[in-house]
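Novice: Got a structure for you, questions after.
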Amino acid sequence: MTLHRNSVAPANARSLPIRQLVLTLVGWSIALIIFFPILWMVLTGFKTETAAIADPSFLFSPTLESYQAVHARSGYARFALNSVVVAFGSTFLALLIAIPSAYAMAFLPTKRTKGTLLWMLSTKMLPPVGVLVPIYLIFRDVGLLDTRTGLIIIYTLMNLPIVVWMLYTFFKDMPKDILEAGRMDGASTLQEVFFLLLPLTLPGIASTGLLSVILSWNEAFWSLNLTSSKAAPLTAYIASFSSPEGLFWAKLSAASTMAIAPILIFGWMTQKQMVRGLTFGAVK
Amino acid sequence: MNRTRASGRTVGGLRTLSLQAPAVTLLLLWMIVPLGMTVWFSFQRYNLLMPEMTGFAGWENYEYLLTDPALWSAMSTTLLLVGSVLVITVVGGTLLAVLFQQEFAGRGIARVLAISPFFVMPTVSALVWKNMMMHPSNGVLAWLSQSLGLPALDWFSSLPLTSIIIIVSWQWLPFALLILLTAMQSLDEDQVEAARMDGAGPLAIFFFITLPHLKRAISVVIMIEMIFLLTIFAEIFVTTSGGPGLATTNLAYLIYIQALLDFDVGLASAGGVVAIILANIVAIFLVRMVAKNLED
């Protein structure tokens, strides 16, 4: 390796401003290309319908016309409310069921714990289409078709494995001594969970909850197949724009922007935590 | 279960069992009841439009399904879709993770922009791509190719599956990037520095240090994506409705057509069983992979 000494110099030389400039340029170009469809959608929402189908342009006089129109179109608020109720309702339920389970797995593990965890995960691999027909028929017979309760039940079960999985990761990371100390001081299991475990793992629980909200909010298979009008969430509302008579791009963009804005912001805030939980802490 | 064990452990086991009971019971029901019904229906003559036709069908539904070219076309579409998106997102995600790991001005904001598509609901991203990006006359891509003097492409009629693959990859590339970028942050900088001192070029560093380091993260990405990609539905529903012909009909969409459009519950259920078997074949490999990740 006689080249050894020579090769150090170019390595250092590469960190010159030129390299910085190129990296900045490439990094930003790629980020903007990936983000472009979202940016374009947001911009289109502020255009008039004629401007929306004209040649692409960043120069236009912004208007709130489309937002007002979407707001006036009776449906929007109801669809949005359905999305909120279903996403938060199912997340709350999933957390309620998952917390005891994850607690047991993290602090009272048995030989079967890992197997149980993997089995739970494997239920996620059951394709929804495989069970669409029976669920549809059961829902029809018990009157859950096109109801928020029905969707909440489905989403709770759909997200339960991932919620248990993430909570388990966060609980397992918690130092056991603290719970031990609490137990020494005479805390019951319930007190232990409510006054020690939950407050200490709150960031983890919050990001688990947010992922569950995001997944429920964006879920489209069940919502398109099990709801028609009364309980239809935003995914179904937006899908209704795919019919030819719904082709008003500016309005579609305005409605879409409103549909994704809260989740996008949630996602930006919690991305780091979410990754840690999602990957069993395998990726740090 | 084992009564002869030391009492402490049995109590612990019981407590574990009772705390896990709600989650386990619900998931068991969620799995077994619909699964059992699907299998049962798949052996029945059951069409909602023909209520007088009932009874045991034997293997009739399966025979019809397995000899129907639509099934094989849907299977290959499913595998092609999943495979292409996995390759694009894993390769692209790895390269982007390396890029966004480098120090540059405004890196934080650029990262946030690049991961954003993951949080957009599938119906919205499909519609935005269909109407604003890939539209043959008013789309941004058409405008771009026209300003370069090329004819505008009618994406969904000339390249239907490719269009779907582009849309789905756009949604999942950010996810791969997010996970891999997080994994990159624990890369041992000293090791990289040492390799560089020894004269290793950027390519050698990437293949011999970065890539092995990302192995576990990549397997996690593949597993999670697979779960969601096997049942892609909304993107197809909103853009091509499975067409033209069967060009973009995957298994999920085929069953949807049979069950909710043709009302043939028996046939759709047989399709569901096929989908479940396919998913299980995939799952066996995946669960092994995750199990390995859980070991350490």
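Within each chain, counting starts at residue 1; across the structure tokens, chains are named A, B, ... in the order shown, with ligands numbered 1 upward in that order.
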Please report as an NGL selection string which residues of chain B come no farther than 7 Å from chain A, using only C-alpha atoms.
Specialist: :B and (12-13 or 16 or 19-20 or 22-23 or 27 or 31 or 34-35 or 37-38 or 99-100 or 104-105 or 110-114 or 116 or 119-124 or 127-128 or 138 or 140 or 179 or 182-183 or 186 or 197-199 or 217 or 220 or 227 or 231 or 233-234 or 238 or 252 or 255 or 259 or 265 or 269 or 272-273 or 275-276 or 279 or 283)
Novice: Can you pull out the residues contacting range 92-98 of chain B? Cut-off 10 Å, using only C-alpha atoms, and skip same-chain residues under 5 positions away; I want them as a list in words.
Specialist: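 The residues satisfying every condition are Gly27, Ile30 and Ala31 of chain A; Leu86, Val87, Arg111, Ala114, Ser169, Trp172, Leu173, Pro174, Phe175, Ala176, Leu177, Leu178, Ile179, Leu180, Leu181, Thr182, Ala183, Met184, Gln185, Phe206, Thr210, Leu211, Leu214, Ile218 and Val221 of chain B.
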Novice: Limited to C-alpha atoms, could you put the picked residues into a file as a JSON list (two decimals), in the first residue's frame?
Specialist:
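Written file, part-v2.json:
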[["chain", "number", "residue", "atom", "x", "y", "z"],
["A", 27, "GLY", "CA", -29.62, 16.60, -2.08],
["A", 30, "ILE", "CA", -33.81, 14.97, -5.16],
["A", 31, "ALA", "CA", -35.77, 16.06, -2.10],
["B", 86, "LEU", "CA", -39.26, -3.75, -3.34],
["B", 87, "VAL", "CA", -36.23, -3.51, -5.64],
["B", 111, "ARG", "CA", -34.85, 15.01, 4.64],
["B", 114, "ALA", "CA", -38.12, 13.50, 1.03],
["B", 169, "SER", "CA", -42.72, 3.24, -5.24],
["B", 172, "TRP", "CA", -42.76, 3.53, -0.17],
["B", 173, "LEU", "CA", -39.34, 4.90, -1.14],
["B", 174, "PRO", "CA", -39.60, 7.47, 1.68],
["B", 175, "PHE", "CA", -40.39, 4.70, 4.13],
["B", 176, "ALA", "CA", -37.25, 2.77, 3.17],
["B", 177, "LEU", "CA", -35.27, 6.01, 3.34],
["B", 178, "LEU", "CA", -36.65, 6.79, 6.80],
["B", 179, "ILE", "CA", -35.67, 3.42, 8.25],
["B", 180, "LEU", "CA", -32.31, 3.17, 6.50],
["B", 181, "LEU", "CA", -31.35, 6.73, 7.37],
["B", 182, "THR", "CA", -31.99, 5.99, 11.03],
["B", 183, "ALA", "CA", -29.84, 2.88, 10.73],
["B", 184, "MET", "CA", -27.05, 4.86, 9.06],
["B", 185, "GLN", "CA", -26.74, 7.08, 12.10],
["B", 206, "PHE", "CA", -20.12, 1.44, 0.64],
["B", 210, "THR", "CA", -22.12, 0.57, 4.87],
["B", 211, "LEU", "CA", -24.09, -2.21, 3.20],
["B", 214, "LEU", "CA", -27.60, -1.86, 6.88],
["B", 218, "ILE", "CA", -33.02, -3.68, 5.00],
["B", 221, "VAL", "CA", -37.91, -2.70, 5.40]]
Novice: When DSSP is applied to the backbone of this structure, which of range 2-199 of chain A are assigned helix (DSSP H, G or I)? Write them out as a ChimeraX atom specification.
Specialist: /A:4-13,17-45,49-53,65-72,75-107,113-123,128-142,148-172,176-184,189-199
Novice: Within 8 Å of Ala152 in chain B, counting only C-alpha atoms, which residues qualify if same-chain residues fewer than 2 places away don't, as an MDAnalysis selection string?
Specialist: chainID B and resid 136:137 141:143 145:146 150 154
Novice: Quote the spacing between CA of Thr48 in chain A and CA of Met258 in chain A in Å to one decimal place.
Specialist: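 Separating CA of Thr48 in chain A from CA of Met258 in chain A is a distance of 17.0 Å.
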Novice: Quick one: pull the distance between CA of Ile32 in chain B and CA of Ile153 in chain A, Å, one decimal.
Specialist: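 Atom-to-atom, CA of Ile32 in chain B and CA of Ile153 in chain A are spaced 15.9 Å apart.
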Novice: Would you mind reading off the distance between CA of Ile236 in chain B and CA of Thr248 in chain B, one decimal, in Å?
Specialist: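 It comes out at 7.1 Å.
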Novice: Find the residues around Ala254 in chain A up to 8 Å (only C-alpha atoms counted), leave out those fewer than 5 positions away in its own chain, and share them as an MDAnalysis selection string.
Specialist: chainID A and resid 41:42 44:46 66:67 70
